[in-house]
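Below: run_26.cif (mmCIF, C-alpha atoms)
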data_query
loop_
_atom_site.label_atom_id
_atom_site.label_comp_id
_atom_site.auth_asym_id
_atom_site.auth_seq_id
_atom_site.Cartn_x
_atom_site.Cartn_y
_atom_site.Cartn_z
CA LEU F 1 7.83 8.13 4.41
CA TRP F 2 4.42 6.49 4.75
CA GLY F 3 5.95 3.05 5.24
CA ALA F 4 8.73 4.18 7.56
CA PHE F 5 6.63 6.33 9.88
CA VAL F 6 2.86 6.19 9.44
CA ALA F 7 2.45 2.48 8.68
CA THR F 8 4.91 1.29 11.33
CA ALA F 9 3.45 3.54 14.04
CA ALA F 10 -0.13 2.53 13.22
CA ALA F 11 0.79 -1.16 13.09
CA LEU F 12 2.44 -0.93 16.52
CA VAL F 13 -0.70 0.67 17.95
CA PHE F 14 -3.00 -1.97 16.47
CA GLN F 15 -0.74 -4.81 17.58
CA GLY F 16 -0.66 -3.32 21.06
CA ILE F 17 -4.46 -3.35 21.09
CA GLY F 18 -4.39 -7.00 20.04
CA ALA F 19 -1.96 -7.86 22.81
CA ALA F 20 -4.10 -6.00 25.34
CA GLY F 21 -7.07 -8.05 24.13
CA GLY F 22 -5.35 -11.23 25.28
CA ALA F 23 -3.99 -12.53 21.99
CA SER F 24 -1.20 -15.07 22.38
CA ASP F 25 2.27 -14.41 20.98
CA LEU F 26 1.73 -17.11 18.35
CA ALA F 27 -1.60 -15.62 17.24
CA ALA F 28 -0.01 -12.18 17.10
CA LEU F 29 2.82 -13.52 14.95
CA ARG F 30 0.61 -15.53 12.61
CA TRP F 31 -2.39 -13.28 12.12
CA ILE F 32 -2.43 -9.98 13.99
CA ALA F 33 0.94 -8.75 12.70
CA PRO F 34 0.25 -9.69 9.05
CA ALA F 35 -3.28 -8.27 9.11
CA THR F 36 -2.34 -4.98 10.76
CA GLU F 37 0.91 -4.42 8.89
CA GLU F 38 -0.59 -5.10 5.47
CA ALA F 39 -3.58 -2.92 6.33
CA THR F 40 -1.44 0.04 7.37
CA LYS F 41 0.86 -0.32 4.36
CA GLY F 42 -2.01 -0.89 1.96
CA ALA F 43 -3.86 2.15 3.27
CA PHE F 44 -1.52 4.29 1.17
CA LEU F 45 -2.79 2.60 -2.01
CA ILE F 46 -6.41 3.05 -0.91
CA LEU F 47 -5.77 6.74 -0.23
CA LEU F 48 -4.33 7.08 -3.72
CA LEU F 49 -7.46 5.47 -5.15
CA TRP F 50 -9.66 7.95 -3.30
CA TRP F 51 -7.77 11.23 -3.53
CA ARG F 52 -5.03 10.91 -6.16
CA ARG F 53 -6.45 8.58 -8.79
CA HIS F 54 -4.47 10.32 -11.51
CA GLU F 55 -1.26 9.13 -9.82
CA LEU F 56 -2.19 5.51 -10.48
CA ASP F 57 -2.06 4.49 -14.13
CA GLY F 58 -2.33 0.74 -13.71
CA VAL F 59 -0.90 -2.40 -12.18
CA LEU F 60 2.75 -1.39 -12.63
CA ASP F 61 2.19 1.86 -10.73
CA GLY F 62 0.47 -0.10 -7.97
CA ILE F 63 3.46 -2.45 -7.65
CA VAL F 64 5.91 0.45 -7.55
CA TYR F 65 4.00 2.44 -4.91
CA ALA F 66 3.42 -0.69 -2.80
CA GLY F 67 7.08 -1.64 -3.11
CA MET F 68 8.26 1.76 -1.93
CA VAL F 69 5.90 1.67 1.06
CA GLY F 70 7.25 -1.80 1.88
CA VAL F 71 10.84 -0.57 1.67
CA GLY F 72 10.09 2.23 4.14
CA PHE F 73 8.30 -0.14 6.50
CA ALA F 74 11.14 -2.68 6.40
CA PHE F 75 13.69 0.08 7.04
CA THR F 76 12.11 1.07 10.35
CA GLU F 77 11.12 -2.45 11.40
CA ASN F 78 14.61 -3.78 10.76
CA ILE F 79 16.12 -1.08 12.95
CA LEU F 80 13.73 -2.06 15.76
CA TYR F 81 14.48 -5.77 15.36
CA LEU F 82 18.24 -5.25 15.18
CA ALA F 83 18.21 -3.08 18.29
CA ALA F 84 16.07 -5.61 20.18
CA ALA F 85 18.35 -8.47 19.15
CA TYR F 86 21.46 -6.64 20.29
CA ASN F 87 19.89 -5.59 23.60
CA GLY F 88 18.43 -9.05 24.23
CA THR F 89 14.91 -7.64 24.52
CA ASP F 90 13.47 -9.79 21.71
CA GLY F 91 12.97 -12.77 24.02
CA LEU F 92 15.26 -15.01 21.93
CA GLY F 93 18.46 -14.87 23.93
CA PRO F 94 20.94 -12.72 25.84
CA GLY F 95 21.63 -10.46 22.88
CA GLY F 96 24.98 -9.15 21.74
CA THR F 97 26.75 -9.19 18.41
CA GLY F 98 25.91 -12.85 17.73
CA ALA F 99 22.18 -12.22 17.93
CA LEU F 100 22.59 -9.00 15.97
CA THR F 101 24.43 -10.84 13.17
CA THR F 102 21.76 -13.55 12.98
CA VAL F 103 18.93 -11.04 12.68
CA PHE F 104 20.90 -9.00 10.16
CA ILE F 105 21.46 -12.04 7.94
CA MET F 106 17.83 -13.19 8.12
CA ARG F 107 16.14 -9.81 7.71
CA CYS F 108 18.59 -7.67 5.75
CA LEU F 109 20.29 -10.22 3.50
CA VAL F 110 17.94 -13.20 3.11
CA SER F 111 14.64 -11.32 2.97
CA PRO F 112 15.19 -7.58 2.38
CA PHE F 113 12.20 -7.30 0.02
CA ALA F 114 9.68 -9.33 2.02
CA HIS F 115 7.48 -6.38 2.99
CA SER F 116 7.58 -4.96 -0.53
CA PHE F 117 6.70 -8.38 -1.92
CA PHE F 118 3.66 -8.86 0.34
CA THR F 119 2.27 -5.37 -0.23
CA ALA F 120 2.84 -5.64 -3.99
CA PHE F 121 -0.32 -7.74 -4.16
CA ILE F 122 -2.33 -4.86 -2.72
CA GLY F 123 -0.70 -2.69 -5.36
CA ILE F 124 -1.74 -5.15 -8.06
CA GLY F 125 -5.28 -5.06 -6.71
CA ALA F 126 -5.29 -1.26 -6.71
CA GLY F 127 -3.90 -1.23 -10.26
CA LEU F 128 -6.61 -3.62 -11.45
CA ALA F 129 -9.23 -1.46 -9.76
CA ILE F 130 -8.04 1.73 -11.43
CA SER F 131 -7.92 0.14 -14.89
CA SER F 132 -11.21 -1.77 -14.70
CA ARG F 133 -14.61 -0.55 -15.83
CA SER F 134 -16.41 -3.02 -13.58
CA SER F 135 -17.62 -1.65 -10.24
CA LEU F 136 -17.32 -5.12 -8.74
CA VAL F 137 -13.67 -5.44 -9.77
CA ARG F 138 -12.92 -1.98 -8.41
CA VAL F 139 -14.13 -3.09 -4.99
CA LEU F 140 -12.98 -6.70 -4.90
CA ALA F 141 -9.51 -6.35 -6.50
CA PRO F 142 -7.93 -4.33 -3.64
CA ILE F 143 -9.64 -6.57 -1.07
CA GLY F 144 -8.37 -9.68 -2.85
CA GLY F 145 -4.87 -8.20 -3.00
CA TYR F 146 -5.01 -7.51 0.73
CA VAL F 147 -6.12 -11.07 1.50
CA VAL F 148 -3.27 -12.53 -0.58
CA ALA F 149 -0.77 -10.19 1.10
CA VAL F 150 -1.95 -11.22 4.57
CA LEU F 151 -1.88 -14.94 3.74
CA LEU F 152 1.65 -14.75 2.33
CA HIS F 153 2.80 -12.63 5.28
CA SER F 154 1.22 -15.10 7.68
CA ALA F 155 2.87 -18.06 5.94
CA TRP F 156 6.20 -16.26 6.15
CA ASN F 157 5.85 -15.48 9.85
CA SER F 158 4.60 -18.97 10.66
CA ALA F 159 7.59 -20.52 8.88
CA THR F 160 9.92 -18.92 11.42
CA VAL F 161 8.25 -20.73 14.32
CA TYR F 162 9.14 -24.31 13.40
CA GLY F 163 12.87 -24.03 12.95
CA PHE F 164 15.31 -23.20 10.19
CA SER F 165 14.57 -26.27 8.04
CA HIS F 166 10.88 -25.43 7.85
CA PHE F 167 11.67 -21.80 7.12
CA LEU F 168 14.08 -22.80 4.36
CA PHE F 169 11.47 -25.09 2.81
CA VAL F 170 8.85 -22.32 2.70
CA TYR F 171 11.44 -19.85 1.42
CA VAL F 172 12.64 -22.07 -1.43
CA THR F 173 9.34 -23.61 -2.50
CA LEU F 174 6.93 -20.69 -2.02
CA MET F 175 8.34 -17.27 -1.23
CA PHE F 176 11.30 -17.00 -3.59
CA PRO F 177 9.45 -18.41 -6.65
CA ALA F 178 6.48 -16.15 -5.93
CA PHE F 179 8.79 -13.15 -5.57
CA LEU F 180 10.42 -13.92 -8.92
CA SER F 181 6.96 -14.27 -10.46
CA VAL F 182 5.97 -10.79 -9.26
CA VAL F 183 9.22 -9.35 -10.62
CA ALA F 184 8.65 -11.07 -13.97
CA PHE F 185 5.06 -9.82 -14.03
CA ALA F 186 6.21 -6.26 -13.33
CA ILE F 187 8.75 -6.47 -16.18
CA TYR F 188 6.06 -7.81 -18.51
CA ARG F 189 3.68 -4.98 -17.56
CA HIS F 190 6.45 -2.44 -18.05
CA ARG F 191 7.15 -3.67 -21.56
CA ALA F 192 3.45 -3.80 -22.44
CA GLU F 193 2.84 -0.27 -21.17
CA ARG F 194 5.94 0.98 -22.98
CA ARG F 195 4.59 -0.37 -26.27
CA LEU F 196 1.23 1.29 -25.67
CA LEU F 197 2.91 4.59 -24.77
CA THR F 198 5.11 4.44 -27.89
CA GLU F 199 2.07 3.88 -30.11
CA ALA F 200 0.17 6.71 -28.43
CA LEU F 201 3.09 9.13 -28.82
CA LEU F 202 3.54 8.20 -32.48
CA ASP F 203 -0.15 9.02 -33.05
#

This entry written out as structure tokens:
Amino acid sequence: LWGAFVATAAALVFQGIGAAGGASDLAALRWIAPATEEATKGAFLILLLWWRRHELDGVLDGIVYAGMVGVGFAFTENILYLAAAYNGTDGLGPGGTGALTTVFIMRCLVSPFAHSFFTAFIGIGAGLAISSRSSLVRVLAPIGGYVVAVLLHSAWNSATVYGFSHFLFVYVTLMFPAFLSVVAFAIYRHRAERRLLTEALLD
């Protein structure tokens, strides 16, 4: 619900402010959209850290919460993009079923977990913060996760500007391997936490 309604609405407002400030379309795509979208999605994790710390038990929880927020955000954003493509209001052509199919393939089939993937790094940062005894780590880990999320989001958006071959190169060499790494890391954390829980319950 946060991702689908709160984060998307807030991101649209902030991006509108950026556009009103004279930012170019390229700057909005490369930096304003990644910075605002990751901030509004990541705000849920920060709110958990402040008001519901007991809901966060570690890095795995952070990844799960961030992933769910990303799923909600992508759900709403994809509807907006699909509608704009069909109506021809996305500035990329006359619209119709051809444009709709292209956007559907790129956003819903090729990269359905992109938003969850980016925000997962904020979740990792929040998880590290909740499990660390260092005050410095508690502050810097979420900030570092946000910076990584924005940089990856920016690289993803920028890859779409220079044509399909450039996008495919970034997808194959950076995004997909990094996504698999996050999945593998989440599985590793799950198994490690399961062992700890089993030992604790046996005691």

8 Å contact set for Val69 of chain F, only C-alpha atoms, chain neighbours under 4 positions out, as a PDB file with C-alpha atoms, keeping the file's coordinate frame:
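Result file follows (around.pdb):
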ATOM      1  CA  LEU F   1       7.830   8.130   4.410  1.00  0.00           C
ATOM      2  CA  TRP F   2       4.420   6.490   4.750  1.00  0.00           C
ATOM      3  CA  GLY F   3       5.950   3.050   5.240  1.00  0.00           C
ATOM      4  CA  ALA F   4       8.730   4.180   7.560  1.00  0.00           C
ATOM      5  CA  LYS F  41       0.860  -0.320   4.360  1.00  0.00           C
ATOM      6  CA  PHE F  44      -1.520   4.290   1.170  1.00  0.00           C
ATOM      7  CA  TYR F  65       4.000   2.440  -4.910  1.00  0.00           C
ATOM      8  CA  PHE F  73       8.300  -0.140   6.500  1.00  0.00           C
ATOM      9  CA  SER F 116       7.580  -4.960  -0.530  1.00  0.00           C
TER      10      SER F 116
END

Revision key, fill the gap. Students should find that atom CA of Gly70 of chain F and atom CA of Gly22 of chain F are spaced 28.2 Å

Review point. On this structure, which residues satisfy the PyMOL selection byres ((chain F and resi 8) around 9), written as a ChimeraX atom specification?
Key: /F:2-7,9-13,37,40-41,72-74,76-77

Review point. When you draw a straight line from atom CA of Tyr171 of chain F to atom CA of Ser111 of chain F, how long is it in Å?
Key: 9.2 Å

Could you tell me which residues the PyMOL selection byres ((chain F and resi 153-163) around 8) returns for this structure, as a short mmCIF file (atom, residue, chain, number, x, y, z; two decimals) with C-alpha atoms, keeping the file's coordinate frame?
data_model
loop_
_atom_site.label_atom_id
_atom_site.label_comp_id
_atom_site.auth_asym_id
_atom_site.auth_seq_id
_atom_site.Cartn_x
_atom_site.Cartn_y
_atom_site.Cartn_z
CA LEU F 29 2.82 -13.52 14.95
CA ARG F 30 0.61 -15.53 12.61
CA TRP F 31 -2.39 -13.28 12.12
CA PRO F 34 0.25 -9.69 9.05
CA PHE F 118 3.66 -8.86 0.34
CA ALA F 149 -0.77 -10.19 1.10
CA VAL F 150 -1.95 -11.22 4.57
CA LEU F 151 -1.88 -14.94 3.74
CA LEU F 152 1.65 -14.75 2.33
CA PHE F 164 15.31 -23.20 10.19
CA SER F 165 14.57 -26.27 8.04
CA HIS F 166 10.88 -25.43 7.85
CA PHE F 167 11.67 -21.80 7.12
CA VAL F 170 8.85 -22.32 2.70
CA TYR F 171 11.44 -19.85 1.42
CA MET F 175 8.34 -17.27 -1.23
#

Review point. Expressed in Å to a single decimal, how great is the separation between atom CA of Val182 of chain F and atom CA of Leu128 of chain F?
Key: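 Interatomic distance, atom CA of Val182 of chain F to atom CA of Leu128 of chain F: 14.6 Å.
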
Check your understanding: Applied to the shown file, which residues does the PyMOL selection byres ((chain F and resi 99) around 12) return, written as a list in words?
Key -> Tyr81, Leu82, Ala83, Ala84, Ala85, Tyr86, Asn87, Gly88, Thr89, Asp90, Gly91, Leu92, Gly93, Pro94, Gly95, Gly96, Thr97, Gly98, Leu100, Thr101, Thr102, Val103, Phe104, Ile105 and Met106 of chain F

Residues as selected, C-alpha atoms, written as a PDB file, keeping the file's coordinate frame, can you do that?
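Dumped everything to again01.pdb:
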ATOM      1  CA  TYR F  81      14.480  -5.770  15.360  1.00  0.00           C
ATOM      2  CA  LEU F  82      18.240  -5.250  15.180  1.00  0.00           C
ATOM      3  CA  ALA F  83      18.210  -3.080  18.290  1.00  0.00           C
ATOM      4  CA  ALA F  84      16.070  -5.610  20.180  1.00  0.00           C
ATOM      5  CA  ALA F  85      18.350  -8.470  19.150  1.00  0.00           C
ATOM      6  CA  TYR F  86      21.460  -6.640  20.290  1.00  0.00           C
ATOM      7  CA  ASN F  87      19.890  -5.590  23.600  1.00  0.00           C
ATOM      8  CA  GLY F  88      18.430  -9.050  24.230  1.00  0.00           C
ATOM      9  CA  THR F  89      14.910  -7.640  24.520  1.00  0.00           C
ATOM     10  CA  ASP F  90      13.470  -9.790  21.710  1.00  0.00           C
ATOM     11  CA  GLY F  91      12.970 -12.770  24.020  1.00  0.00           C
ATOM     12  CA  LEU F  92      15.260 -15.010  21.930  1.00  0.00           C
ATOM     13  CA  GLY F  93      18.460 -14.870  23.930  1.00  0.00           C
ATOM     14  CA  PRO F  94      20.940 -12.720  25.840  1.00  0.00           C
ATOM     15  CA  GLY F  95      21.630 -10.460  22.880  1.00  0.00           C
ATOM     16  CA  GLY F  96      24.980  -9.150  21.740  1.00  0.00           C
ATOM     17  CA  THR F  97      26.750  -9.190  18.410  1.00  0.00           C
ATOM     18  CA  GLY F  98      25.910 -12.850  17.730  1.00  0.00           C
ATOM     19  CA  LEU F 100      22.590  -9.000  15.970  1.00  0.00           C
ATOM     20  CA  THR F 101      24.430 -10.840  13.170  1.00  0.00           C
ATOM     21  CA  THR F 102      21.760 -13.550  12.980  1.00  0.00           C
ATOM     22  CA  VAL F 103      18.930 -11.040  12.680  1.00  0.00           C
ATOM     23  CA  PHE F 104      20.900  -9.000  10.160  1.00  0.00           C
ATOM     24  CA  ILE F 105      21.460 -12.040   7.940  1.00  0.00           C
ATOM     25  CA  MET F 106      17.830 -13.190   8.120  1.00  0.00           C
TER      26      MET F 106
END

Check your understanding: Of the candidates F:Ala35, F:Ala120, F:Leu56, F:Leu202, which shows the shortest atom-to-atom distance to Val71 of chain F, using only C-alpha atoms?
Key -> F:Ala120

With only C-alpha atoms as the counted atoms, please give the residues lying no more than 12 Å from Trp50 of chain F, apart from itself and same-chain residues fewer than 6 positions off, as a CSV table (one decimal) with C-alpha atoms, in the coordinates of the input.
chain,number,residue,atom,x,y,z
F,43,ALA,CA,-3.9,2.2,3.3
F,44,PHE,CA,-1.5,4.3,1.2
F,56,LEU,CA,-2.2,5.5,-10.5
F,126,ALA,CA,-5.3,-1.3,-6.7
F,129,ALA,CA,-9.2,-1.5,-9.8
F,130,ILE,CA,-8.0,1.7,-11.4
F,138,ARG,CA,-12.9,-2.0,-8.4

Exercise for review: Can you pull out every residue within 9 Å of Val59 of chain F, counting only C-alpha atoms, but drop anything in the same chain fewer than 2 positions away, and send it as a list in words?
Suggested key: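 Near neighbours after the sequence-gap exclusion: Leu56, Asp57, Asp61, Gly62, Ile63, Val64, Gly123, Ile124, Gly125, Ala126, Gly127, Leu128, Ala129, Ile130, Ser131, Ala186 and Arg189 of chain F.
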
Practice item. Kindly indicate which residue among F:Arg133, F:Gly16, F:Ile79, F:Ala141 lies nearest to Ala28 of chain F, using all atoms listed in the file for the distances. Key: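 Under the stated criterion, the closest residue is F:Gly16.
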
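Of the listed residues (F:Val147, F:Tyr188, F:Ser181, F:Ile17), F:Val147 comes nearest to Thr119 of chain F; the distances count all atoms listed in the file.
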
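You can rank F:Ala66, F:Leu60, F:Ala23, F:Val110 by their closest distance to Leu168 of chain F using all atoms listed in the file, and at the top of that list sits F:Val110.
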
Written-out segment 174-186 of chain F (all heavy atoms) as a tab-separated table (two decimals), in the first residue's frame:
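Heads up, here's the output in out36.tsv:
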chain	number	residue	atom	x	y	z
F	174	LEU	N	25.36	-5.82	-15.72
F	174	LEU	CA	25.27	-5.19	-14.40
F	174	LEU	C	24.00	-5.57	-13.64
F	174	LEU	O	24.07	-6.14	-12.56
F	174	LEU	CB	25.34	-3.66	-14.54
F	174	LEU	CG	25.16	-2.84	-13.24
F	174	LEU	CD1	26.28	-3.17	-12.25
F	174	LEU	CD2	25.12	-1.35	-13.56
F	175	MET	N	22.86	-5.27	-14.23
F	175	MET	CA	21.61	-5.37	-13.48
F	175	MET	C	21.23	-6.82	-13.13
F	175	MET	O	20.92	-7.13	-11.98
F	175	MET	CB	20.47	-4.70	-14.25
F	175	MET	CG	20.64	-3.22	-14.40
F	175	MET	SD	20.72	-2.37	-12.79
F	175	MET	CE	21.13	-0.71	-13.30
F	176	PHE	N	21.25	-7.69	-14.12
F	176	PHE	CA	20.82	-9.06	-13.86
F	176	PHE	C	21.78	-9.79	-12.91
F	176	PHE	O	21.33	-10.45	-11.97
F	176	PHE	CB	20.66	-9.83	-15.17
F	176	PHE	CG	19.95	-11.14	-15.01
F	176	PHE	CD1	18.62	-11.19	-14.62
F	176	PHE	CD2	20.61	-12.34	-15.24
F	176	PHE	CE1	17.95	-12.39	-14.46
F	176	PHE	CE2	19.95	-13.56	-15.09
F	176	PHE	CZ	18.63	-13.58	-14.69
F	177	PRO	N	23.10	-9.68	-13.10
F	177	PRO	CA	24.01	-10.31	-12.12
F	177	PRO	C	23.85	-9.73	-10.71
F	177	PRO	O	23.89	-10.47	-9.72
F	177	PRO	CB	25.40	-10.01	-12.68
F	177	PRO	CG	25.19	-9.81	-14.13
F	177	PRO	CD	23.85	-9.16	-14.25
F	178	ALA	N	23.65	-8.42	-10.62
F	178	ALA	CA	23.47	-7.80	-9.30
F	178	ALA	C	22.17	-8.27	-8.65
F	178	ALA	O	22.11	-8.52	-7.45
F	178	ALA	CB	23.48	-6.28	-9.43
F	179	PHE	N	21.12	-8.41	-9.46
F	179	PHE	CA	19.85	-8.91	-8.95
F	179	PHE	C	20.00	-10.33	-8.42
F	179	PHE	O	19.52	-10.65	-7.32
F	179	PHE	CB	18.79	-8.86	-10.06
F	179	PHE	CG	17.47	-9.47	-9.66
F	179	PHE	CD1	16.62	-8.80	-8.80
F	179	PHE	CD2	17.08	-10.70	-10.16
F	179	PHE	CE1	15.39	-9.36	-8.43
F	179	PHE	CE2	15.87	-11.27	-9.80
F	179	PHE	CZ	15.03	-10.59	-8.94
F	180	LEU	N	20.68	-11.19	-9.17
F	180	LEU	CA	20.91	-12.56	-8.72
F	180	LEU	C	21.74	-12.58	-7.45
F	180	LEU	O	21.52	-13.42	-6.56
F	180	LEU	CB	21.61	-13.37	-9.82
F	180	LEU	CG	20.79	-13.67	-11.08
F	180	LEU	CD1	21.62	-14.48	-12.06
F	180	LEU	CD2	19.50	-14.41	-10.72
F	181	SER	N	22.68	-11.65	-7.33
F	181	SER	CA	23.50	-11.56	-6.12
F	181	SER	C	22.67	-11.21	-4.89
F	181	SER	O	22.86	-11.78	-3.81
F	181	SER	CB	24.62	-10.53	-6.31
F	181	SER	OG	25.47	-10.89	-7.37
F	182	VAL	N	21.73	-10.29	-5.06
F	182	VAL	CA	20.85	-9.92	-3.95
F	182	VAL	C	19.96	-11.10	-3.56
F	182	VAL	O	19.76	-11.37	-2.37
F	182	VAL	CB	20.00	-8.68	-4.32
F	182	VAL	CG1	18.93	-8.43	-3.27
F	182	VAL	CG2	20.88	-7.46	-4.46
F	183	VAL	N	19.44	-11.81	-4.56
F	183	VAL	CA	18.62	-12.99	-4.27
F	183	VAL	C	19.43	-14.04	-3.52
F	183	VAL	O	18.97	-14.62	-2.52
F	183	VAL	CB	18.04	-13.58	-5.57
F	183	VAL	CG1	17.35	-14.91	-5.30
F	183	VAL	CG2	17.05	-12.60	-6.20
F	184	ALA	N	20.65	-14.29	-3.99
F	184	ALA	CA	21.52	-15.26	-3.33
F	184	ALA	C	21.85	-14.83	-1.91
F	184	ALA	O	21.87	-15.65	-0.97
F	184	ALA	CB	22.80	-15.45	-4.14
F	185	PHE	N	22.09	-13.54	-1.73
F	185	PHE	CA	22.38	-13.01	-0.39
F	185	PHE	C	21.18	-13.18	0.54
F	185	PHE	O	21.33	-13.54	1.71
F	185	PHE	CB	22.77	-11.53	-0.50
F	185	PHE	CG	23.06	-10.88	0.82
F	185	PHE	CD1	24.17	-11.26	1.56
F	185	PHE	CD2	22.24	-9.89	1.32
F	185	PHE	CE1	24.44	-10.66	2.78
F	185	PHE	CE2	22.50	-9.28	2.52
F	185	PHE	CZ	23.61	-9.67	3.26
F	186	ALA	N	19.98	-12.94	0.02
F	186	ALA	CA	18.77	-13.10	0.83
F	186	ALA	C	18.59	-14.56	1.23
F	186	ALA	O	18.22	-14.86	2.38
F	186	ALA	CB	17.56	-12.61	0.05
